[in-house]
$ cat query_37.json   # JSON, C-alpha atoms and all ligand atoms
[["chain", "number", "residue", "atom", "x", "y", "z"],
["A", 1, "MET", "CA", -21.37, -15.96, -35.05],
["A", 2, "LYS", "CA", -17.90, -16.18, -33.56],
["A", 3, "ILE", "CA", -17.78, -17.71, -30.11],
["A", 4, "ARG", "CA", -15.61, -15.47, -27.95],
["A", 5, "LYS", "CA", -16.29, -16.63, -24.42],
["A", 6, "ALA", "CA", -15.78, -19.80, -22.43],
["A", 7, "VAL", "CA", -17.14, -20.62, -18.99],
["A", 8, "ILE", "CA", -14.87, -22.85, -16.92],
["A", 9, "PRO", "CA", -16.40, -24.03, -13.62],
["A", 10, "VAL", "CA", -13.70, -24.67, -11.02],
["A", 11, "ALA", "CA", -15.59, -24.16, -7.77],
["A", 12, "GLY", "CA", -16.24, -27.81, -6.83],
["A", 13, "TRP", "CA", -14.88, -29.38, -3.66],
["A", 14, "GLY", "CA", -12.73, -31.90, -5.52],
["A", 15, "THR", "CA", -13.86, -34.72, -3.23],
["A", 16, "ARG", "CA", -12.67, -37.39, -5.70],
["A", 17, "THR", "CA", -9.10, -36.12, -5.38],
["A", 18, "LEU", "CA", -8.85, -35.76, -1.60],
["A", 19, "PRO", "CA", -6.62, -35.50, 0.31],
["A", 20, "ALA", "CA", -4.42, -34.08, -2.49],
["A", 21, "SER", "CA", -6.98, -31.35, -3.22],
["A", 22, "LYS", "CA", -7.57, -30.29, 0.38],
["A", 23, "ALA", "CA", -5.46, -27.12, 0.17],
["A", 24, "ILE", "CA", -4.60, -27.04, -3.55],
["A", 25, "PRO", "CA", -7.31, -26.80, -6.23],
["A", 26, "LYS", "CA", -7.33, -30.03, -8.24],
["A", 27, "GLU", "CA", -7.25, -27.86, -11.37],
["A", 28, "MET", "CA", -3.72, -26.83, -10.30],
["A", 29, "PHE", "CA", -2.40, -30.40, -10.24],
["A", 30, "PRO", "CA", 0.45, -30.69, -12.74],
["A", 31, "ILE", "CA", 0.38, -32.70, -15.92],
["A", 32, "VAL", "CA", 4.14, -32.99, -16.48],
["A", 33, "ASP", "CA", 5.02, -29.30, -16.01],
["A", 34, "LYS", "CA", 1.78, -27.35, -16.46],
["A", 35, "PRO", "CA", -1.34, -27.34, -14.31],
["A", 36, "VAL", "CA", -4.45, -29.01, -15.71],
["A", 37, "ILE", "CA", -6.25, -25.65, -15.93],
["A", 38, "GLN", "CA", -3.59, -24.25, -18.25],
["A", 39, "TYR", "CA", -4.17, -27.07, -20.75],
["A", 40, "ILE", "CA", -7.90, -26.32, -20.59],
["A", 41, "VAL", "CA", -7.44, -22.57, -21.13],
["A", 42, "GLU", "CA", -4.93, -23.21, -23.93],
["A", 43, "GLU", "CA", -7.44, -25.51, -25.62],
["A", 44, "ALA", "CA", -10.06, -22.74, -25.50],
["A", 45, "VAL", "CA", -7.62, -20.10, -26.76],
["A", 46, "ALA", "CA", -6.48, -22.38, -29.61],
["A", 47, "ALA", "CA", -10.14, -22.49, -30.67],
["A", 48, "GLY", "CA", -10.32, -18.69, -30.88],
["A", 49, "ILE", "CA", -11.83, -18.01, -27.44],
["A", 50, "GLU", "CA", -10.81, -14.56, -26.16],
["A", 51, "GLN", "CA", -12.39, -14.38, -22.74],
["A", 52, "ILE", "CA", -12.39, -16.97, -19.99],
["A", 53, "ILE", "CA", -15.10, -16.76, -17.35],
["A", 54, "MET", "CA", -13.78, -18.75, -14.42],
["A", 55, "ILE", "CA", -16.49, -19.79, -11.95],
["A", 56, "THR", "CA", -14.47, -20.03, -8.82],
["A", 57, "SER", "CA", -14.86, -20.22, -5.03],
["A", 58, "LYS", "CA", -13.09, -19.70, -1.74],
["A", 59, "GLY", "CA", -9.79, -21.57, -1.60],
["A", 60, "LYS", "CA", -9.35, -21.55, -5.37],
["A", 61, "SER", "CA", -7.49, -18.26, -5.75],
["A", 62, "ALA", "CA", -4.35, -20.06, -6.99],
["A", 63, "ILE", "CA", -6.19, -20.56, -10.30],
["A", 64, "MET", "CA", -6.68, -16.86, -11.06],
["A", 65, "ASP", "CA", -3.20, -16.11, -9.66],
["A", 66, "HIS", "CA", -1.72, -18.56, -12.14],
["A", 67, "PHE", "CA", -3.01, -16.50, -15.06],
["A", 68, "ASP", "CA", -2.17, -13.15, -13.48],
["A", 69, "PHE", "CA", 0.85, -10.96, -14.16],
["A", 70, "SER", "CA", 3.55, -11.67, -11.55],
["A", 71, "TYR", "CA", 5.82, -8.63, -11.35],
["A", 72, "GLU", "CA", 8.11, -10.08, -8.65],
["A", 73, "LEU", "CA", 8.68, -13.39, -10.43],
["A", 74, "GLU", "CA", 9.28, -11.75, -13.80],
["A", 75, "ASP", "CA", 11.72, -9.33, -12.18],
["A", 76, "VAL", "CA", 13.66, -12.16, -10.51],
["A", 77, "LEU", "CA", 13.80, -14.22, -13.72],
["A", 78, "SER", "CA", 14.85, -11.22, -15.76],
["A", 79, "LYS", "CA", 17.65, -10.23, -13.30],
["A", 80, "LYS", "CA", 18.90, -13.83, -13.28],
["A", 81, "GLY", "CA", 18.96, -13.88, -17.08],
["A", 82, "LYS", "CA", 16.50, -16.81, -17.22],
["A", 83, "THR", "CA", 14.96, -15.60, -20.46],
["A", 84, "GLU", "CA", 13.40, -18.90, -21.51],
["A", 85, "LEU", "CA", 11.50, -19.25, -18.23],
["A", 86, "LEU", "CA", 10.57, -15.58, -18.34],
["A", 87, "THR", "CA", 8.95, -16.06, -21.75],
["A", 88, "ILE", "CA", 7.01, -19.10, -20.49],
["A", 89, "VAL", "CA", 5.78, -17.24, -17.40],
["A", 90, "LYS", "CA", 4.82, -14.12, -19.39],
["A", 91, "LYS", "CA", 2.89, -16.17, -21.96],
["A", 92, "VAL", "CA", 0.65, -17.66, -19.27],
["A", 93, "SER", "CA", -0.52, -14.22, -18.12],
["A", 94, "GLN", "CA", -1.17, -13.12, -21.70],
["A", 95, "LEU", "CA", -3.24, -16.13, -22.77],
["A", 96, "ALA", "CA", -6.72, -14.60, -22.52],
["A", 97, "LYS", "CA", -8.85, -12.02, -20.74],
["A", 98, "MET", "CA", -9.84, -13.54, -17.42],
["A", 99, "VAL", "CA", -13.03, -12.86, -15.53],
["A", 100, "GLY", "CA", -13.45, -14.46, -12.11],
["A", 101, "ILE", "CA", -16.90, -15.04, -10.66],
["A", 102, "ARG", "CA", -17.41, -16.50, -7.20],
["A", 103, "GLN", "CA", -20.00, -19.23, -7.07],
["A", 104, "GLY", "CA", -20.37, -18.88, -3.31],
["A", 105, "ASN", "CA", -22.25, -22.00, -2.40],
["A", 106, "PRO", "CA", -21.26, -24.67, -4.97],
["A", 107, "LEU", "CA", -24.72, -25.91, -5.91],
["A", 108, "GLY", "CA", -23.82, -28.05, -8.89],
["A", 109, "LEU", "CA", -22.64, -27.70, -12.47],
["A", 110, "GLY", "CA", -25.88, -26.15, -13.74],
["A", 111, "HIS", "CA", -25.70, -23.53, -11.00],
["A", 112, "ALA", "CA", -22.02, -22.85, -11.84],
["A", 113, "VAL", "CA", -22.90, -22.20, -15.50],
["A", 114, "LEU", "CA", -25.80, -19.97, -14.41],
["A", 115, "CYS", "CA", -23.33, -17.87, -12.38],
["A", 116, "GLY", "CA", -21.72, -16.94, -15.70],
["A", 117, "LYS", "CA", -24.98, -15.53, -17.14],
["A", 118, "ASP", "CA", -24.21, -11.79, -16.87],
["A", 119, "ALA", "CA", -20.60, -12.18, -18.03],
["A", 120, "VAL", "CA", -21.67, -14.26, -21.04],
["A", 121, "GLY", "CA", -24.52, -11.94, -22.05],
["A", 122, "ASP", "CA", -26.60, -12.64, -25.12],
["A", 123, "GLU", "CA", -24.19, -14.75, -27.17],
["A", 124, "PRO", "CA", -23.32, -18.43, -27.61],
["A", 125, "PHE", "CA", -20.46, -19.67, -25.46],
["A", 126, "ALA", "CA", -18.32, -22.71, -24.69],
["A", 127, "VAL", "CA", -18.14, -24.62, -21.41],
["A", 128, "LEU", "CA", -15.05, -26.65, -20.51],
["A", 129, "LEU", "CA", -14.66, -28.76, -17.38],
["A", 130, "GLY", "CA", -11.29, -29.29, -15.77],
["A", 131, "ASP", "CA", -11.83, -32.98, -15.05],
["A", 132, "ASP", "CA", -11.66, -33.87, -18.72],
["A", 133, "MET", "CA", -8.50, -33.38, -20.72],
["A", 134, "VAL", "CA", -8.47, -34.20, -24.41],
["A", 135, "ASP", "CA", -5.27, -34.64, -26.38],
["A", 136, "SER", "CA", -6.11, -34.18, -30.03],
["A", 137, "GLU", "CA", -4.65, -32.74, -33.21],
["A", 138, "ILE", "CA", -7.57, -30.33, -33.56],
["A", 139, "PRO", "CA", -8.40, -28.97, -30.09],
["A", 140, "CYS", "CA", -11.55, -30.68, -28.83],
["A", 141, "ILE", "CA", -13.60, -27.52, -28.35],
["A", 142, "LYS", "CA", -12.51, -26.29, -31.79],
["A", 143, "GLN", "CA", -13.97, -29.45, -33.33],
["A", 144, "MET", "CA", -17.22, -28.68, -31.57],
["A", 145, "LEU", "CA", -17.25, -25.01, -32.59],
["A", 146, "LYS", "CA", -17.05, -26.15, -36.20],
["A", 147, "VAL", "CA", -20.13, -28.32, -35.71],
["A", 148, "PHE", "CA", -21.87, -25.39, -34.00],
["A", 149, "GLU", "CA", -21.13, -23.15, -37.00],
["A", 150, "GLU", "CA", -23.00, -25.62, -39.21],
["A", 151, "LEU", "CA", -25.92, -26.47, -36.91],
["A", 152, "LYS", "CA", -26.25, -23.22, -34.95],
["A", 153, "ALA", "CA", -27.61, -25.14, -31.98],
["A", 154, "PRO", "CA", -26.24, -26.38, -28.64],
["A", 155, "ILE", "CA", -23.66, -29.17, -28.92],
["A", 156, "VAL", "CA", -22.66, -31.60, -26.19],
["A", 157, "GLY", "CA", -19.30, -33.38, -26.47],
["A", 158, "VAL", "CA", -19.57, -37.15, -25.98],
["A", 159, "CYS", "CA", -17.39, -40.23, -26.20],
["A", 160, "GLN", "CA", -17.98, -43.96, -26.01],
["A", 161, "VAL", "CA", -17.84, -45.19, -22.45],
["A", 162, "PRO", "CA", -17.47, -48.80, -21.28],
["A", 163, "GLU", "CA", -20.59, -50.27, -19.70],
["A", 164, "ASP", "CA", -19.06, -50.52, -16.22],
["A", 165, "LYS", "CA", -18.28, -46.77, -16.19],
["A", 166, "ILE", "CA", -21.46, -45.37, -17.75],
["A", 167, "HIS", "CA", -23.02, -44.64, -14.32],
["A", 168, "LEU", "CA", -20.40, -41.91, -13.83],
["A", 169, "TYR", "CA", -21.60, -39.82, -16.79],
["A", 170, "GLY", "CA", -24.44, -37.85, -18.23],
["A", 171, "VAL", "CA", -25.69, -40.10, -21.04],
["A", 172, "VAL", "CA", -27.46, -39.11, -24.25],
["A", 173, "ASP", "CA", -30.31, -40.79, -26.09],
["A", 174, "VAL", "CA", -29.60, -40.10, -29.74],
["A", 175, "LYS", "CA", -30.27, -40.65, -33.40],
["A", 176, "PRO", "CA", -27.31, -40.37, -35.77],
["A", 177, "ILE", "CA", -27.56, -37.57, -38.34],
["A", 178, "ALA", "CA", -24.04, -37.28, -39.77],
["A", 179, "ASP", "CA", -20.53, -38.55, -39.18],
["A", 180, "ARG", "CA", -20.02, -38.29, -35.37],
["A", 181, "VAL", "CA", -23.06, -36.02, -35.06],
["A", 182, "TYR", "CA", -26.27, -37.10, -33.35],
["A", 183, "GLY", "CA", -29.62, -35.47, -32.68],
["A", 184, "ILE", "CA", -30.38, -35.66, -28.96],
["A", 185, "LYS", "CA", -33.73, -37.19, -28.02],
["A", 186, "GLY", "CA", -33.07, -37.13, -24.29],
["A", 187, "LEU", "CA", -30.38, -36.93, -21.61],
["A", 188, "VAL", "CA", -30.02, -38.66, -18.28],
["A", 189, "GLU", "CA", -27.49, -37.90, -15.56],
["A", 190, "LYS", "CA", -25.54, -40.86, -14.18],
["A", 191, "PRO", "CA", -27.97, -43.68, -15.03],
["A", 192, "THR", "CA", -27.46, -47.30, -14.01],
["A", 193, "LYS", "CA", -26.02, -49.38, -16.85],
["A", 194, "GLN", "CA", -29.45, -50.95, -17.32],
["A", 195, "ALA", "CA", -31.13, -47.55, -17.66],
["A", 196, "ALA", "CA", -28.45, -45.94, -19.88],
["A", 197, "PRO", "CA", -30.02, -45.01, -23.23],
["A", 198, "SER", "CA", -26.68, -45.43, -25.09],
["A", 199, "ASN", "CA", -22.96, -45.85, -24.49],
["A", 200, "LEU", "CA", -22.30, -42.18, -25.28],
["A", 201, "GLY", "CA", -21.20, -40.35, -22.14],
["A", 202, "ILE", "CA", -20.99, -36.58, -21.89],
["A", 203, "ILE", "CA", -17.45, -35.33, -21.48],
["A", 204, "GLY", "CA", -16.84, -31.89, -20.08],
["A", 205, "ARG", "CA", -17.16, -29.93, -23.32],
["A", 206, "TYR", "CA", -20.27, -28.03, -24.37],
["A", 207, "VAL", "CA", -21.17, -25.28, -26.82],
["A", 208, "LEU", "CA", -24.29, -23.56, -25.53],
["A", 209, "THR", "CA", -26.65, -20.77, -26.46],
["A", 210, "PRO", "CA", -27.89, -18.22, -23.88],
["A", 211, "SER", "CA", -31.29, -19.96, -23.88],
["A", 212, "ILE", "CA", -29.74, -22.46, -21.42],
["A", 213, "PHE", "CA", -29.80, -19.77, -18.70],
["A", 214, "GLU", "CA", -33.58, -19.39, -18.74],
["A", 215, "VAL", "CA", -33.95, -23.15, -18.45],
["A", 216, "LEU", "CA", -31.38, -23.44, -15.64],
["A", 217, "GLU", "CA", -33.19, -20.73, -13.69],
["A", 218, "HIS", "CA", -36.18, -23.08, -13.47],
["A", 219, "VAL", "CA", -34.47, -26.45, -13.00],
["A", 220, "PRO", "CA", -35.39, -27.75, -9.54],
["A", 221, "PHE", "CA", -32.69, -28.82, -7.10],
["A", 222, "ASP", "CA", -31.98, -32.54, -7.32],
["A", 223, "LYS", "CA", -31.85, -35.03, -4.42],
["A", 224, "SER", "CA", -28.38, -33.84, -3.43],
["A", 225, "GLY", "CA", -29.47, -30.18, -3.44],
["A", 226, "GLU", "CA", -27.77, -29.34, -6.73],
["A", 227, "ILE", "CA", -28.80, -27.91, -10.10],
["A", 228, "GLY", "CA", -27.52, -30.22, -12.83],
["A", 229, "LEU", "CA", -26.38, -29.08, -16.24],
["A", 230, "THR", "CA", -27.62, -32.34, -17.78],
["A", 231, "GLU", "CA", -31.10, -31.65, -16.33],
["A", 232, "GLY", "CA", -30.90, -28.13, -17.83],
["A", 233, "LEU", "CA", -29.94, -29.56, -21.21],
["A", 234, "SER", "CA", -32.76, -32.05, -20.96],
["A", 235, "GLY", "CA", -35.18, -29.14, -20.44],
["A", 236, "LEU", "CA", -33.59, -27.28, -23.33],
["A", 237, "SER", "CA", -33.98, -30.31, -25.62],
["A", 238, "HIS", "CA", -37.77, -29.93, -25.27],
["A", 239, "LEU", "CA", -37.57, -26.34, -26.50],
["A", 240, "CYS", "CA", -35.08, -26.55, -29.37],
["A", 241, "PRO", "CA", -32.96, -29.12, -31.20],
["A", 242, "ILE", "CA", -29.68, -29.95, -29.49],
["A", 243, "TYR", "CA", -26.92, -32.23, -30.72],
["A", 244, "ALA", "CA", -24.17, -34.54, -29.52],
["A", 245, "TYR", "CA", -20.77, -34.68, -31.18],
["A", 246, "GLU", "CA", -18.47, -37.66, -30.69],
["A", 247, "ILE", "CA", -15.12, -35.98, -30.19],
["A", 248, "VAL", "CA", -11.88, -37.07, -31.87],
["A", 249, "GLY", "CA", -8.95, -37.44, -29.49],
["A", 250, "LYS", "CA", -7.56, -39.17, -26.45],
["A", 251, "ARG", "CA", -9.69, -38.21, -23.49],
["A", 252, "PHE", "CA", -8.50, -38.48, -19.89],
["A", 253, "ASP", "CA", -10.57, -38.23, -16.72],
["A", 254, "VAL", "CA", -7.98, -36.40, -14.64],
["A", 255, "GLY", "CA", -10.29, -36.36, -11.60],
["A", 256, "ASP", "CA", -9.66, -40.09, -11.33],
["A", 257, "ARG", "CA", -6.26, -41.26, -10.07],
["A", 258, "LEU", "CA", -5.66, -43.73, -12.91],
["A", 259, "GLY", "CA", -6.86, -41.20, -15.50],
["A", 260, "TYR", "CA", -4.59, -38.56, -13.97],
["A", 261, "LEU", "CA", -1.53, -40.83, -14.08],
["A", 262, "LYS", "CA", -2.30, -41.95, -17.65],
["A", 263, "CYS", "CA", -2.67, -38.34, -18.73],
["A", 264, "ASN", "CA", 0.70, -37.47, -17.20],
["A", 265, "LEU", "CA", 2.34, -40.37, -19.01],
["A", 266, "ASN", "CA", 0.62, -39.43, -22.28],
["A", 267, "TYR", "CA", 2.11, -35.93, -22.21],
["A", 268, "ALA", "CA", 5.46, -37.04, -20.73],
["A", 269, "ILE", "CA", 6.21, -39.47, -23.58],
["A", 270, "LYS", "CA", 5.84, -36.64, -26.09],
["A", 271, "ASP", "CA", 9.19, -35.38, -24.79],
["A", 272, "PRO", "CA", 11.94, -37.63, -26.24],
["A", 273, "TYR", "CA", 14.13, -37.31, -23.13],
["A", 274, "LEU", "CA", 11.33, -38.16, -20.70],
["A", 275, "ARG", "CA", 10.10, -40.94, -22.98],
["A", 276, "GLU", "CA", 13.46, -42.70, -22.83],
["A", 277, "GLN", "CA", 13.98, -42.09, -19.12],
["A", 278, "LEU", "CA", 10.48, -43.27, -18.31],
["A", 279, "ARG", "CA", 10.98, -46.48, -20.27],
["A", 280, "LYS", "CA", 14.05, -47.22, -18.14],
["A", 281, "ALA", "CA", 12.34, -46.19, -14.91],
["A", 282, "TRP", "CA", 9.31, -48.35, -15.72],
["A", 283, "GLU", "CA", 11.46, -51.44, -16.26],
["A", 284, "GLU", "CA", 13.42, -50.65, -13.12],
["A", 285, "LEU", "CA", 10.31, -50.20, -10.99],
["A", 286, "LEU", "CA", 8.44, -53.20, -12.33],
["A", 287, "GLY", "CA", 11.61, -55.28, -12.21],
["A", 288, "ASN", "CA", 11.97, -54.56, -8.51],
["A", 289, "SER", "CA", 8.33, -55.01, -7.58],
["B", 301, "LIG", "C1", -20.16, -33.91, -14.80],
["B", 301, "LIG", "C2", -21.51, -33.93, -15.53],
["B", 301, "LIG", "C3", -21.69, -35.23, -16.28],
["B", 301, "LIG", "C4", -20.52, -35.45, -17.22],
["B", 301, "LIG", "C5", -19.18, -35.38, -16.45],
["B", 301, "LIG", "C6", -18.00, -35.42, -17.40],
["B", 301, "LIG", "O1", -20.20, -34.88, -13.79],
["B", 301, "LIG", "O2", -22.54, -33.73, -14.59],
["B", 301, "LIG", "O3", -22.89, -35.19, -17.02],
["B", 301, "LIG", "O4", -20.65, -36.71, -17.85],
["B", 301, "LIG", "O5", -19.10, -34.15, -15.69],
["B", 301, "LIG", "O6", -16.78, -35.38, -16.71],
["B", 301, "LIG", "P1", -19.11, -34.96, -12.59],
["B", 301, "LIG", "O7", -17.94, -35.71, -13.16],
["B", 301, "LIG", "O8", -18.78, -33.55, -12.22],
["B", 301, "LIG", "O9", -19.77, -35.71, -11.48]]

$ encode --input "query_37.json" --output "structure tokens"
Amino acid sequence: MKIRKAVIPVAGWGTRTLPASKAIPKEMFPIVDKPVIQYIVEEAVAAGIEQIIMITSKGKSAIMDHFDFSYELEDVLSKKGKTELLTIVKKVSQLAKMVGIRQGNPLGLGHAVLCGKDAVGDEPFAVLLGDDMVDSEIPCIKQMLKVFEELKAPIVGVCQVPEDKIHLYGVVDVKPIADRVYGIKGLVEKPTKQAAPSNLGIIGRYVLTPSIFEVLEHVPFDKSGEIGLTEGLSGLSHLCPIYAYEIVGKRFDVGDRLGYLKCNLNYAIKDPYLREQLRKAWEELLGNS
């Protein structure tokens, strides 16, 4: 069955990126010349997704505006003869069908996904988180959709995480079943390094079936008053087989300042002009420090 819809939760407070994210959604931070959220939507579209269900909140309207048609801007660019920019701007508003759903009270990732229930309906869907960007030849979520086509069961994207960072992730307990594919025996959200069942951390890419909604509806609030997606997946793993897929690509945690800077550099050096200029700037800056 073709997966047509992707849920993208963007309602969080962005506490890790304060004060930069106080008035601007962190998803709108630029990576070279495009906001993070555009890379995420483009990844979904490149995998054949047609409809984006953005789970948003107060103060995040810039995200939906970014993908909207902007008559005034297009008119100005057209009158000024800036055809190249006009094409770029038009393309953004034509990327996919956008549905915006307000989460209201942001009660965690599981709750955010649950907010998408009616818009998703009775079909499998993808979930992409804006904190994780993956630069890969085959778009990350497309790799996972291929695995879903074969296994027809929920797939969680994972990557190997160093021991000193594992407490920041949902972690899977697995048994390998094929190249990069694992059967999930259990999941634990943000364990201590001693309690982590493996070094495979969940990155923000999931392919889910609608059965997750029923489970999430019954997941109790955790200590911080939130409904976790990992807890939902753990519940789901008792009802049906679910799998982990070790993604291929360079993954950046853009919610972390070092990850964000590395991601910017990664995309900047793809441009030959910026690559050369950055090399000079780097030597200049380090030389003077
Ligand atoms: C969320 C998930 C976590 C996952 C992480 C990936 O955590 O709850 O399981 O490993 O995203 O970025 P957050 O980073 O929102 O705290």

$ closest_residue --input "query_37.json" --among "A:Gln94, A:Gln103, A:Ser198, A:Ser61" --to "Glu42 in chain A" --atoms "all atoms listed in the file"
A:Gln94

$ residues_near_ligand --input "query_37.json" --ligand "ligand LIG 301 (chain B)" --cutoff "8 Å" --atoms "all atoms listed in the file" --output "compact mmCIF listing (two decimals) with C-alpha atoms, in the coordinates of the input"
# COMPACT_ATOMS: atom_id res chain seq x y z
CA LEU A 109 -22.64 -27.70 -12.47
CA LEU A 129 -14.66 -28.76 -17.38
CA ASP A 131 -11.83 -32.98 -15.05
CA ASP A 132 -11.66 -33.87 -18.72
CA LEU A 168 -20.40 -41.91 -13.83
CA TYR A 169 -21.60 -39.82 -16.79
CA GLY A 170 -24.44 -37.85 -18.23
CA VAL A 171 -25.69 -40.10 -21.04
CA GLU A 189 -27.49 -37.90 -15.56
CA LYS A 190 -25.54 -40.86 -14.18
CA GLY A 201 -21.20 -40.35 -22.14
CA ILE A 202 -20.99 -36.58 -21.89
CA ILE A 203 -17.45 -35.33 -21.48
CA GLY A 204 -16.84 -31.89 -20.08
CA GLY A 228 -27.52 -30.22 -12.83
CA LEU A 229 -26.38 -29.08 -16.24
CA THR A 230 -27.62 -32.34 -17.78
CA ASP A 253 -10.57 -38.23 -16.72
CA GLY A 255 -10.29 -36.36 -11.60

$ residues_around --input "query_37.json" --residues "Lys5 in chain A" --least-positions-apart "4" --cutoff "9 Å" --atoms "all atoms listed in the file" --output "ChimeraX atom specification"
/A:44,49-53,119-120,123-127

$ residues_near_point --input "query_37.json" --point "(-25.4, -18.4, -13.3)" --cutoff "10 Å" --atoms "all atoms listed in the file" --output "list in words"
Ile55, Ile101, Gln103, Leu109, Gly110, His111, Ala112, Val113, Leu114, Cys115, Gly116, Lys117, Asp118, Ala119, Val120, Phe213, Glu214, Leu216 and Glu217 of chain A

$ write_last_selection --input "query_37.json" --atoms "C-alpha atoms" --output "compact mmCIF listing (two decimals), keeping the file's coordinate frame"
# COMPACT_ATOMS: atom_id res chain seq x y z
CA ILE A 55 -16.49 -19.79 -11.95
CA ILE A 101 -16.90 -15.04 -10.66
CA GLN A 103 -20.00 -19.23 -7.07
CA LEU A 109 -22.64 -27.70 -12.47
CA GLY A 110 -25.88 -26.15 -13.74
CA HIS A 111 -25.70 -23.53 -11.00
CA ALA A 112 -22.02 -22.85 -11.84
CA VAL A 113 -22.90 -22.20 -15.50
CA LEU A 114 -25.80 -19.97 -14.41
CA CYS A 115 -23.33 -17.87 -12.38
CA GLY A 116 -21.72 -16.94 -15.70
CA LYS A 117 -24.98 -15.53 -17.14
CA ASP A 118 -24.21 -11.79 -16.87
CA ALA A 119 -20.60 -12.18 -18.03
CA VAL A 120 -21.67 -14.26 -21.04
CA PHE A 213 -29.80 -19.77 -18.70
CA GLU A 214 -33.58 -19.39 -18.74
CA LEU A 216 -31.38 -23.44 -15.64
CA GLU A 217 -33.19 -20.73 -13.69

$ residues_near_point --input "query_37.json" --point "(6.5, -16.3, -16.7)" --cutoff "9 Å" --atoms "only C-alpha atoms" --output "NGL selection string"
:A and (69-70 or 73-74 or 77 or 84-93)
